[in-house]
>>> print(open('start12.cif').read())   # mmCIF, C-alpha atoms
data_query
loop_
_atom_site.group_PDB
_atom_site.id
_atom_site.type_symbol
_atom_site.label_atom_id
_atom_site.label_comp_id
_atom_site.auth_asym_id
_atom_site.auth_seq_id
_atom_site.Cartn_x
_atom_site.Cartn_y
_atom_site.Cartn_z
ATOM 1 C CA ALA J 1 88.505 4.795 -136.240
ATOM 2 C CA SER J 2 86.430 6.707 -133.708
ATOM 3 C CA VAL J 3 87.931 6.764 -130.211
ATOM 4 C CA GLU J 4 84.411 6.250 -128.880
ATOM 5 C CA ARG J 5 84.006 2.926 -130.684
ATOM 6 C CA THR J 6 83.092 0.194 -128.258
ATOM 7 C CA HIS J 7 84.898 -3.096 -128.130
ATOM 8 C CA GLY J 8 84.536 -6.404 -126.334
ATOM 9 C CA ARG J 9 84.556 -5.097 -122.779
ATOM 10 C CA GLY J 10 83.141 -1.606 -123.230
ATOM 11 C CA ARG J 11 84.408 1.874 -124.078
ATOM 12 C CA LEU J 12 87.934 3.173 -123.690
ATOM 13 C CA SER J 13 89.297 3.377 -120.171
ATOM 14 C CA LEU J 14 91.118 6.513 -119.053
ATOM 15 C CA ARG J 15 94.490 4.775 -119.348
ATOM 16 C CA GLU J 16 93.728 3.635 -122.881
ATOM 17 C CA ALA J 17 92.658 7.136 -123.911
ATOM 18 C CA VAL J 18 95.759 8.651 -122.286
ATOM 19 C CA ASN J 19 98.022 6.089 -123.968
ATOM 20 C CA LEU J 20 96.475 6.929 -127.342
ATOM 21 C CA LEU J 21 97.085 10.651 -126.796
ATOM 22 C CA TRP J 22 100.623 9.910 -125.642
ATOM 23 C CA ALA J 23 101.253 7.815 -128.778
ATOM 24 C CA LEU J 24 99.949 10.592 -131.038
ATOM 25 C CA ALA J 25 102.185 13.102 -129.258
ATOM 26 C CA SER J 26 105.193 10.789 -129.674
ATOM 27 C CA LEU J 27 104.433 10.591 -133.398
ATOM 28 C CA ALA J 28 104.183 14.402 -133.675
ATOM 29 C CA TRP J 29 100.596 13.962 -134.914
ATOM 30 C CA ARG J 30 99.316 16.939 -136.932
ATOM 31 C CA SER J 31 95.611 16.202 -137.337
ATOM 32 C CA SER J 32 93.280 17.685 -134.735
ATOM 33 C CA LYS J 33 90.239 15.455 -135.278
ATOM 34 C CA GLY J 34 91.337 12.381 -133.349
ATOM 35 C CA VAL J 35 93.121 14.518 -130.771
ATOM 36 C CA CYS J 36 89.969 16.541 -130.027
ATOM 37 C CA GLN J 37 87.917 13.376 -129.624
ATOM 38 C CA LEU J 38 90.438 11.999 -127.149
ATOM 39 C CA VAL J 39 90.514 15.290 -125.236
ATOM 40 C CA SER J 40 86.730 15.137 -124.825
ATOM 41 C CA THR J 41 86.899 11.477 -123.779
ATOM 42 C CA CYS J 42 89.624 12.132 -121.182
ATOM 43 C CA GLU J 43 87.660 15.034 -119.709
ATOM 44 C CA LYS J 44 84.566 12.844 -119.243
ATOM 45 C CA LEU J 45 86.539 9.946 -117.749
ATOM 46 C CA LEU J 46 88.462 12.183 -115.348
ATOM 47 C CA LEU J 47 85.220 13.782 -114.171
ATOM 48 C CA GLN J 48 83.777 10.320 -113.507
ATOM 49 C CA GLY J 49 86.847 9.403 -111.442
ATOM 50 C CA ASN J 50 86.058 5.700 -111.498
ATOM 51 C CA PRO J 51 88.545 4.137 -111.353
ATOM 52 C CA PRO J 52 90.650 6.982 -109.956
ATOM 53 C CA PRO J 53 93.598 7.982 -112.168
ATOM 54 C CA THR J 54 97.143 7.072 -111.194
ATOM 55 C CA SER J 55 99.948 9.615 -110.990
ATOM 56 C CA HIS J 56 101.534 7.904 -113.991
ATOM 57 C CA ASP J 57 98.377 8.440 -116.062
ATOM 58 C CA LEU J 58 98.134 12.097 -115.024
ATOM 59 C CA ALA J 59 101.785 12.786 -115.874
ATOM 60 C CA ASN J 60 101.459 11.121 -119.276
ATOM 61 C CA LEU J 61 98.249 13.016 -120.017
ATOM 62 C CA ALA J 62 99.841 16.354 -119.149
ATOM 63 C CA TRP J 63 102.866 15.548 -121.312
ATOM 64 C CA ALA J 64 100.650 14.604 -124.267
ATOM 65 C CA LEU J 65 98.590 17.800 -123.937
ATOM 66 C CA GLY J 66 101.731 19.910 -123.788
ATOM 67 C CA ALA J 67 103.062 18.287 -126.957
ATOM 68 C CA LEU J 68 99.723 18.405 -128.807
ATOM 69 C CA ARG J 69 98.572 21.801 -127.562
ATOM 70 C CA PRO J 70 97.911 23.427 -131.003
ATOM 71 C CA GLN J 71 95.699 20.519 -132.071
ATOM 72 C CA ALA J 72 94.112 19.877 -128.669
ATOM 73 C CA GLN J 73 93.110 23.512 -128.154
ATOM 74 C CA LYS J 74 90.698 23.205 -131.067
ATOM 75 C CA ALA J 75 88.500 21.182 -128.701
ATOM 76 C CA GLN J 76 87.957 24.562 -126.973
ATOM 77 C CA ALA J 77 85.604 24.032 -123.991
ATOM 78 C CA SER J 78 86.621 20.387 -123.606
ATOM 79 C CA TYR J 79 90.309 21.344 -123.576
ATOM 80 C CA ALA J 80 89.809 24.059 -120.958
ATOM 81 C CA GLY J 81 87.660 21.696 -118.909
ATOM 82 C CA LEU J 82 90.259 18.909 -119.163
ATOM 83 C CA LEU J 83 93.025 21.203 -117.920
ATOM 84 C CA ARG J 84 90.879 22.205 -114.924
ATOM 85 C CA VAL J 85 89.957 18.666 -113.918
ATOM 86 C CA LEU J 86 93.500 17.452 -114.610
ATOM 87 C CA GLY J 87 94.941 20.076 -112.271
ATOM 88 C CA ASP J 88 92.393 19.257 -109.576
ATOM 89 C CA ALA J 89 93.066 15.513 -109.863
ATOM 90 C CA ALA J 90 96.820 15.993 -109.590
ATOM 91 C CA MET J 91 96.532 18.327 -106.616
ATOM 92 C CA ALA J 92 94.215 15.922 -104.794
ATOM 93 C CA ASP J 93 96.700 13.060 -105.198
ATOM 94 C CA VAL J 94 100.009 14.954 -105.234
ATOM 95 C CA ASP J 95 101.560 12.779 -102.498
ATOM 96 C CA SER J 96 101.358 9.713 -104.756
ATOM 97 C CA PHE J 97 103.684 11.265 -107.373
ATOM 98 C CA ASN J 98 107.301 10.204 -107.262
ATOM 99 C CA SER J 99 109.867 12.912 -107.977
ATOM 100 C CA GLN J 100 110.168 12.233 -111.701
ATOM 101 C CA GLU J 101 106.406 12.077 -112.228
ATOM 102 C CA LEU J 102 105.806 15.328 -110.357
ATOM 103 C CA LEU J 103 108.517 17.135 -112.287
ATOM 104 C CA LYS J 104 107.190 15.771 -115.574
ATOM 105 C CA PHE J 105 103.616 16.701 -114.708
ATOM 106 C CA LEU J 106 104.254 20.256 -113.506
ATOM 107 C CA ALA J 107 106.405 21.217 -116.485
ATOM 108 C CA ALA J 108 104.075 19.614 -119.044
ATOM 109 C CA TYR J 109 100.965 21.115 -117.421
ATOM 110 C CA GLU J 110 102.529 24.552 -117.788
ATOM 111 C CA ARG J 111 103.406 23.907 -121.444
ATOM 112 C CA ALA J 112 99.820 22.814 -122.054
ATOM 113 C CA GLY J 113 98.616 26.184 -120.788
ATOM 114 C CA GLY J 114 97.268 24.927 -117.486
ATOM 115 C CA GLU J 115 96.984 27.275 -114.524
ATOM 116 C CA HIS J 116 96.277 25.997 -111.024
ATOM 117 C CA SER J 117 97.051 27.993 -107.892
ATOM 118 C CA GLY J 118 97.727 24.927 -105.776
ATOM 119 C CA LEU J 119 100.125 23.415 -108.286
ATOM 120 C CA LYS J 120 101.869 26.758 -108.737
ATOM 121 C CA GLN J 121 102.635 26.856 -105.032
ATOM 122 C CA LEU J 122 104.391 23.479 -105.270
ATOM 123 C CA GLN J 123 107.223 25.117 -107.216
ATOM 124 C CA GLY J 124 108.488 26.871 -104.124
ATOM 125 C CA ALA J 125 107.275 24.374 -101.554
ATOM 126 C CA GLN J 126 109.107 21.569 -99.820
ATOM 127 C CA ARG J 127 107.651 18.093 -99.388
ATOM 128 C CA GLU J 128 108.455 14.997 -97.366
ATOM 129 C CA LEU J 129 109.485 11.742 -99.056
ATOM 130 C CA VAL J 130 109.452 8.564 -96.960
ATOM 131 C CA TYR J 131 111.361 5.389 -97.855
ATOM 132 C CA THR J 132 111.667 2.099 -96.000
ATOM 133 C CA PHE J 133 114.464 -0.453 -96.354
ATOM 134 C CA PRO J 134 115.014 -3.880 -94.751
ATOM 135 C CA THR J 135 117.688 -4.068 -92.058
ATOM 136 C CA ALA J 136 118.186 -7.848 -92.093
ATOM 137 C CA GLY J 137 121.713 -8.817 -93.062
ATOM 138 C CA GLY J 138 123.198 -5.356 -92.665
ATOM 139 C CA ALA J 139 126.230 -4.438 -90.578
ATOM 140 C CA ARG J 140 123.969 -3.073 -87.835
ATOM 141 C CA PRO J 141 121.001 -5.421 -87.366
ATOM 142 C CA ALA J 142 117.902 -4.132 -85.648
ATOM 143 C CA PRO J 143 117.736 -4.688 -81.876
ATOM 144 C CA ARG J 144 115.638 -7.589 -80.656
ATOM 145 C CA GLY J 145 111.965 -6.663 -80.767
ATOM 146 C CA ALA J 146 112.518 -3.696 -83.085
ATOM 147 C CA GLU J 147 111.042 -3.421 -86.556
ATOM 148 C CA GLU J 148 113.405 -4.943 -89.111
ATOM 149 C CA GLN J 149 113.369 -1.949 -91.403
ATOM 150 C CA LEU J 150 114.995 1.440 -91.747
ATOM 151 C CA THR J 151 112.704 4.388 -92.396
ATOM 152 C CA VAL J 152 114.273 7.413 -94.081
ATOM 153 C CA THR J 153 112.315 10.665 -94.228
ATOM 154 C CA LEU J 154 113.721 13.260 -96.622
ATOM 155 C CA THR J 155 112.865 16.908 -97.165
ATOM 156 C CA ALA J 156 112.706 17.559 -100.907
ATOM 157 C CA ALA J 157 111.700 20.303 -103.347
ATOM 158 C CA VAL J 158 110.922 20.699 -107.065
ATOM 159 C CA PRO J 159 113.832 21.564 -109.392
ATOM 160 C CA THR J 160 113.256 24.919 -111.091
ATOM 161 C CA VAL J 161 115.098 27.130 -113.552
ATOM 162 C CA GLN J 162 115.165 30.899 -113.932
ATOM 163 C CA GLN J 163 113.248 31.849 -117.081
ATOM 164 C CA MET J 164 115.599 34.068 -119.037
ATOM 165 C CA PRO J 165 114.415 37.461 -120.373
ATOM 166 C CA HIS J 166 114.169 38.027 -124.106
ATOM 167 C CA SER J 167 117.128 40.409 -124.222
ATOM 168 C CA ALA J 168 120.388 40.690 -122.382
ATOM 169 C CA ALA J 169 119.483 44.252 -121.443
ATOM 170 C CA ALA J 170 116.524 42.947 -119.492
ATOM 171 C CA GLU J 171 118.705 40.794 -117.257
ATOM 172 C CA GLY J 172 118.785 41.783 -113.643
ATOM 173 C CA PRO J 173 118.289 40.308 -110.156
ATOM 174 C CA GLU J 174 116.584 36.934 -110.092
ATOM 175 C CA ASP J 175 112.821 37.321 -110.128
ATOM 176 C CA PRO J 176 110.839 34.594 -108.322
ATOM 177 C CA GLU J 177 107.941 35.252 -110.694
ATOM 178 C CA ARG J 178 110.124 34.135 -113.618
ATOM 179 C CA ARG J 179 111.037 30.798 -112.081
ATOM 180 C CA ARG J 180 109.501 27.797 -113.767
ATOM 181 C CA VAL J 181 109.658 24.040 -113.483
ATOM 182 C CA ASP J 182 112.180 22.600 -115.920
ATOM 183 C CA ASP J 183 112.037 18.923 -116.871
ATOM 184 C CA SER J 184 114.336 19.042 -119.887
ATOM 185 C CA CYS J 185 117.451 20.953 -118.763
ATOM 186 C CA GLY J 186 117.192 22.968 -121.993
ATOM 187 C CA GLY J 187 120.526 21.481 -122.999
ATOM 188 C CA LYS J 188 122.286 23.425 -120.240
ATOM 189 C CA GLY J 189 121.464 21.499 -117.113
ATOM 190 C CA ARG J 190 119.661 22.564 -113.941
ATOM 191 C CA PRO J 191 121.604 24.145 -111.085
ATOM 192 C CA ASN J 192 119.386 22.632 -108.384
ATOM 193 C CA THR J 193 118.563 19.237 -109.852
ATOM 194 C CA GLY J 194 119.624 17.623 -106.567
ATOM 195 C CA VAL J 195 116.740 18.989 -104.482
ATOM 196 C CA THR J 196 114.674 15.887 -105.217
ATOM 197 C CA VAL J 197 115.268 12.117 -105.274
ATOM 198 C CA TRP J 198 115.908 10.609 -108.685
ATOM 199 C CA GLN J 199 115.130 6.953 -109.351
ATOM 200 C CA GLY J 200 118.812 6.097 -109.751
ATOM 201 C CA ALA J 201 119.464 7.208 -106.154
ATOM 202 C CA TYR J 202 116.606 5.071 -104.876
ATOM 203 C CA PHE J 203 117.758 2.011 -106.848
ATOM 204 C CA LEU J 204 121.295 2.326 -105.450
ATOM 205 C CA ALA J 205 119.995 2.781 -101.896
ATOM 206 C CA GLU J 206 117.672 -0.206 -102.263
ATOM 207 C CA TRP J 207 120.537 -2.358 -103.580
ATOM 208 C CA LEU J 208 122.754 -1.303 -100.670
ATOM 209 C CA SER J 209 119.999 -2.202 -98.205
ATOM 210 C CA ARG J 210 120.058 -5.823 -99.432
ATOM 211 C CA GLN J 211 123.815 -6.326 -99.110
ATOM 212 C CA VAL J 212 125.283 -8.615 -96.463
ATOM 213 C CA ASP J 213 128.569 -7.905 -94.717
ATOM 214 C CA CYS J 214 130.702 -9.104 -97.623
ATOM 215 C CA PRO J 215 130.463 -6.780 -100.669
ATOM 216 C CA ALA J 216 131.461 -9.537 -103.114
ATOM 217 C CA GLY J 217 129.309 -12.191 -101.459
ATOM 218 C CA PRO J 218 130.645 -15.420 -99.936
ATOM 219 C CA GLN J 219 131.936 -18.061 -102.332
ATOM 220 C CA SER J 220 128.826 -20.179 -101.849
ATOM 221 C CA ALA J 221 126.344 -17.316 -102.165
ATOM 222 C CA SER J 222 124.516 -16.280 -105.272
ATOM 223 C CA ILE J 223 122.643 -13.201 -106.434
ATOM 224 C CA GLY J 224 119.107 -14.091 -107.383
ATOM 225 C CA GLY J 225 120.097 -17.767 -107.491
ATOM 226 C CA ASP J 226 122.688 -17.093 -110.217
ATOM 227 C CA LEU J 227 126.300 -17.817 -109.245
ATOM 228 C CA SER J 228 127.543 -16.162 -112.440
ATOM 229 C CA LYS J 229 126.176 -12.808 -111.228
ATOM 230 C CA THR J 230 128.116 -13.163 -107.970
ATOM 231 C CA ARG J 231 131.293 -13.835 -109.945
ATOM 232 C CA GLN J 232 130.601 -10.841 -112.197
ATOM 233 C CA LEU J 233 130.142 -8.561 -109.200
ATOM 234 C CA ARG J 234 133.349 -9.774 -107.566
ATOM 235 C CA LYS J 235 135.262 -9.280 -110.822
ATOM 236 C CA ALA J 236 133.934 -5.709 -111.165
ATOM 237 C CA LEU J 237 135.121 -4.692 -107.699
ATOM 238 C CA PRO J 238 138.523 -2.960 -107.287
ATOM 239 C CA ARG J 239 141.569 -5.150 -106.750
ATOM 240 C CA LYS J 240 142.977 -2.780 -104.142
ATOM 241 C CA GLY J 241 141.495 -2.633 -100.689
ATOM 242 C CA GLY J 242 140.633 -6.315 -100.446
ATOM 243 C CA TRP J 243 137.188 -5.857 -102.029
ATOM 244 C CA ARG J 244 137.404 -9.186 -103.862
ATOM 245 C CA ASP J 245 138.280 -11.073 -100.698
ATOM 246 C CA PRO J 246 135.291 -13.183 -99.546
ATOM 247 C CA GLY J 247 136.110 -11.999 -96.027
ATOM 248 C CA ALA J 248 135.854 -8.302 -96.927
ATOM 249 C CA ARG J 249 133.418 -6.175 -94.939
ATOM 250 C CA TRP J 250 131.527 -2.935 -95.490
ATOM 251 C CA GLN J 251 131.891 -1.942 -91.854
ATOM 252 C CA GLY J 252 134.450 0.814 -91.320
ATOM 253 C CA ARG J 253 134.972 1.599 -95.010
ATOM 254 C CA VAL J 254 135.027 5.201 -96.252
ATOM 255 C CA GLY J 255 132.685 6.158 -99.075
ATOM 256 C CA VAL J 256 132.168 9.393 -101.004
ATOM 257 C CA GLU J 257 128.931 10.116 -102.868
ATOM 258 C CA LEU J 258 129.387 12.614 -105.696
ATOM 259 C CA GLY J 259 126.376 14.733 -106.568
ATOM 260 C CA ALA J 260 124.576 13.267 -103.578
ATOM 261 C CA GLY J 261 121.450 15.391 -103.871
ATOM 262 C CA LEU J 262 119.358 14.550 -100.825
ATOM 263 C CA GLY J 263 121.785 11.819 -99.737
ATOM 264 C CA LEU J 264 119.559 8.734 -99.733
ATOM 265 C CA PRO J 265 122.310 6.203 -100.695
ATOM 266 C CA SER J 266 124.724 7.744 -98.180
ATOM 267 C CA ILE J 267 122.175 7.508 -95.382
ATOM 268 C CA VAL J 268 121.390 3.855 -96.143
ATOM 269 C CA ALA J 269 125.074 2.908 -96.498
ATOM 270 C CA SER J 270 125.959 4.502 -93.169
ATOM 271 C CA LYS J 271 122.965 3.215 -91.215
ATOM 272 C CA LEU J 272 122.752 -0.343 -92.527
ATOM 273 C CA LEU J 273 126.316 -1.169 -93.596
ATOM 274 C CA GLY J 274 128.387 0.931 -91.207
ATOM 275 C CA VAL J 275 130.184 2.824 -93.995
ATOM 276 C CA ARG J 276 131.634 6.197 -93.074
ATOM 277 C CA MET J 277 130.032 8.349 -95.768
ATOM 278 C CA VAL J 278 130.931 11.778 -97.107
ATOM 279 C CA ALA J 279 128.016 13.147 -99.145
ATOM 280 C CA THR J 280 128.956 15.945 -101.559
ATOM 281 C CA ASP J 281 127.211 18.337 -103.919
ATOM 282 C CA GLY J 282 128.011 21.599 -105.658
ATOM 283 C CA ASP J 283 124.701 23.460 -105.398
ATOM 284 C CA ALA J 284 123.985 25.651 -102.370
ATOM 285 C CA SER J 285 120.233 24.933 -102.170
ATOM 286 C CA THR J 286 120.896 21.218 -102.524
ATOM 287 C CA LEU J 287 123.566 21.259 -99.826
ATOM 288 C CA GLU J 288 121.142 22.929 -97.433
ATOM 289 C CA LEU J 289 118.630 20.102 -97.850
ATOM 290 C CA LEU J 290 121.379 17.464 -97.850
ATOM 291 C CA GLN J 291 122.681 18.724 -94.502
ATOM 292 C CA ARG J 292 119.182 18.749 -93.032
ATOM 293 C CA ASN J 293 118.417 15.219 -94.217
ATOM 294 C CA ALA J 294 121.746 13.795 -93.058
ATOM 295 C CA GLN J 295 121.296 15.318 -89.614
ATOM 296 C CA ALA J 296 117.725 14.070 -89.323
ATOM 297 C CA ASN J 297 118.373 10.505 -90.495
ATOM 298 C CA ALA J 298 122.027 9.726 -89.762
ATOM 299 C CA PRO J 299 123.433 12.224 -87.252
ATOM 300 C CA GLY J 300 127.183 11.809 -86.940
ATOM 301 C CA SER J 301 127.284 9.089 -89.610
ATOM 302 C CA VAL J 302 127.166 11.161 -92.804
ATOM 303 C CA ASP J 303 129.510 14.110 -93.318
ATOM 304 C CA VAL J 304 128.208 16.720 -95.780
ATOM 305 C CA GLN J 305 130.762 18.677 -97.809
ATOM 306 C CA PRO J 306 130.607 21.033 -100.828
ATOM 307 C CA LEU J 307 132.438 19.698 -103.872
ATOM 308 C CA GLU J 308 132.263 20.811 -107.492
ATOM 309 C CA TRP J 309 133.268 18.711 -110.482
ATOM 310 C CA GLY J 310 136.868 19.096 -111.648
ATOM 311 C CA LEU J 311 138.344 20.733 -108.557
ATOM 312 C CA PRO J 312 141.915 19.603 -107.789
ATOM 313 C CA LYS J 313 142.843 17.505 -104.752
ATOM 314 C CA PRO J 314 139.287 16.440 -103.831
ATOM 315 C CA THR J 315 140.505 14.078 -101.104
ATOM 316 C CA LYS J 316 142.187 16.932 -99.256
ATOM 317 C CA ARG J 317 139.166 19.199 -99.745
ATOM 318 C CA LEU J 318 136.972 16.603 -98.076
ATOM 319 C CA GLY J 319 139.306 16.273 -95.107
ATOM 320 C CA LEU J 320 140.172 12.632 -95.851
ATOM 321 C CA GLU J 321 143.600 11.275 -95.013
ATOM 322 C CA ARG J 322 143.429 8.752 -97.846
ATOM 323 C CA ARG J 323 141.337 8.041 -100.892
ATOM 324 C CA ALA J 324 137.862 6.710 -100.259
ATOM 325 C CA ASP J 325 137.245 2.980 -100.572
#
>>> encode(input="start12.cif", output="structure tokens")
Amino acid sequence: ASVERTHGRGRLSLREAVNLLWALASLAWRSSKGVCQLVSTCEKLLLQGNPPPTSHDLANLAWALGALRPQAQKAQASYAGLLRVLGDAAMADVDSFNSQELLKFLAAYERAGGEHSGLKQLQGAQRELVYTFPTAGGARPAPRGAEEQLTVTLTAAVPTVQQMPHSAAAEGPEDPERRRVDDSCGGKGRPNTGVTVWQGAYFLAEWLSRQVDCPAGPQSASIGGDLSKTRQLRKALPRKGGWRDPGARWQGRVGVELGAGLGLPSIVASKLLGVRMVATDGDASTLELLQRNAQANAPGSVDVQPLEWGLPKPTKRLGLERRAD
């Protein structure tokens, strides 16, 4: 069926057109006819800008174009026009992208053949990420009259990978011009994946921000109104260290975050729960940002240390007298 076919409430919206392209890309679609129609439709809708596209839509559109590039390029002028307006739209709203969306967009836009000077500069640029968390119930409640929230401002970057030359003989000093955004790890991993905040780090930090003094919760408390979840959490906690005791406290505990990246969970744990945190990572560029963020948000509360996976005697390397809680 034609993608321009009208239905009950009018023509396709941008999100609907993007979702169709994304579905075709997921199916490894080979025909160019429907793809070219959708490319033309997306170009027109993006130019209209009403309603404005979301970062999620832009990232999905870039990914679909990168996957369907051979078919989509047959739209010729519409394809080139879509890449231009897509790059402009992303650059105009770049602050609304979370870390995963930005990484996904930049890498896919490059695979689609897009070139945008502003977006290219983001590869080597740093950006600020701001997060807010409630302070109510934490080990260090906000002073009377103060805002009951913790604001964490992090300096972040975009993970990149060195594009390898075609032959071993061509290898030499790292060339900044050969660096590219990498959203797939290429099966080998990224050395500087920690220079941005991944959703897992935010989810852990947000969970920590909602904890009361007792990690396992008092006997009468429930998580989300479900006592079974409280019992499951208490059962999952270590037997040693008194973690299952209803009188246990976060305050004064020692925690180690492995592969801390920018250190968001460590900062929240130290500021709101009074945990003495040691944030570790094995990448030099990540450690530089981690140190800066810890100093800016939790001076004296978060210790930053280098630590690579598999090294012997990690407790001693981190300067701890005993194992972390």
>>> residues_around(input="start12.cif", residues="region 261-274 of chain J", least_positions_apart="5", cutoff="7 Å", atoms="only C-alpha atoms", output="list of chain:residue names")
J:Thr135, J:Gly138, J:Ala139, J:Arg140, J:Gly194, J:Val195, J:Thr196, J:Val197, J:Ala201, J:Tyr202, J:Leu204, J:Ala205, J:Leu208, J:Ser209, J:Trp250, J:Gln251, J:Gly252, J:Ala279, J:Asp281, J:Thr286, J:Leu289, J:Leu290, J:Asn293, J:Ala294, J:Asn297, J:Ala298, J:Ser301, J:Val302
>>> atom_distance(input="start12.cif", atom1="CA of Glu206 (chain J)", atom2="CA of Tyr131 (chain J)")
9.5 Å
>>> closest_residue(input="start12.cif", among="J:Leu311, J:Leu61, J:Val254, J:Cys42", to="Ala75 (chain J)", atoms="only C-alpha atoms")
J:Cys42
>>> atom_distance(input="start12.cif", atom1="CA of Leu150 (chain J)", atom2="CA of Gln199 (chain J)")
18.4 Å
>>> residues_around(input="start12.cif", residues="Leu45 (chain J)", least_positions_apart="3", cutoff="12 Å", atoms="all atoms listed in the file", output="list in words")
Glu4, Arg11, Leu12, Ser13, Leu14, Arg15, Glu16, Ala17, Val18, Leu38, Val39, Ser40, Thr41, Cys42, Gln48, Gly49, Asn50, Pro51, Pro52, Pro53, Ser78, Gly81, Leu82, Val85, Leu86 and Ala89 of chain J
>>> resolve_selection(input="start12.cif", expression="the PyMOL selection byres ((chain J and resi 258) around 7)", output="list in words")
Val256, Glu257, Gly259, Ala260, Ala279, Thr280 and Asp281 of chain J
>>> residues_near_point(input="start12.cif", point="(145.8, 9.9, -102.8)", cutoff="10 Å", atoms="all atoms listed in the file", output="list in words")
Lys313, Pro314, Thr315, Lys316, Leu320, Glu321, Arg322, Arg323 and Ala324 of chain J
>>> resolve_selection(input="start12.cif", expression="the PyMOL selection byres ((chain J and resi 108) around 9)", output="short mmCIF file (atom, residue, chain, number, x, y, z; two decimals) with C-alpha atoms, in the frame of the given file")
data_model
loop_
_atom_site.label_atom_id
_atom_site.label_comp_id
_atom_site.auth_asym_id
_atom_site.auth_seq_id
_atom_site.Cartn_x
_atom_site.Cartn_y
_atom_site.Cartn_z
CA ALA J 59 101.78 12.79 -115.87
CA ASN J 60 101.46 11.12 -119.28
CA LEU J 61 98.25 13.02 -120.02
CA ALA J 62 99.84 16.35 -119.15
CA TRP J 63 102.87 15.55 -121.31
CA ALA J 64 100.65 14.60 -124.27
CA LEU J 65 98.59 17.80 -123.94
CA GLY J 66 101.73 19.91 -123.79
CA ALA J 67 103.06 18.29 -126.96
CA LEU J 103 108.52 17.14 -112.29
CA LYS J 104 107.19 15.77 -115.57
CA PHE J 105 103.62 16.70 -114.71
CA LEU J 106 104.25 20.26 -113.51
CA ALA J 107 106.40 21.22 -116.48
CA TYR J 109 100.96 21.12 -117.42
CA GLU J 110 102.53 24.55 -117.79
CA ARG J 111 103.41 23.91 -121.44
CA ALA J 112 99.82 22.81 -122.05
CA GLY J 113 98.62 26.18 -120.79
CA GLY J 114 97.27 24.93 -117.49
CA ASP J 183 112.04 18.92 -116.87
#
>>> closest_residue(input="start12.cif", among="J:Gly247, J:Pro134, J:Gly34, J:Gly200", to="Leu68 (chain J)", atoms="all atoms listed in the file")
J:Gly34
>>> atom_distance(input="start12.cif", atom1="CA of Pro299 (chain J)", atom2="CA of Asp95 (chain J)")
26.7 Å
>>> axis_aligned_box(input="start12.cif", around="region 273-288 of chain J", padding_each_side="8 Å", output="lines of an AutoDock Vina configuration file")
center_x = 125.9
center_y = 12.2
center_z = -98.4
size_x = 27.4
size_y = 42.8
size_z = 30.5
>>> closest_residue(input="start12.cif", among="J:Asp283, J:Ala80, J:Asn19, J:Lys74", to="Leu58 (chain J)", atoms="all atoms listed in the file")
J:Asn19
>>> residues_near_point(input="start12.cif", point="(111.5, 11.4, -92.9)", cutoff="10 Å", atoms="all atoms listed in the file", output="list of chain:residue names")
J:Glu128, J:Leu129, J:Val130, J:Tyr131, J:Thr132, J:Thr151, J:Val152, J:Thr153, J:Leu154, J:Thr155, J:Asn293, J:Ala296, J:Asn297
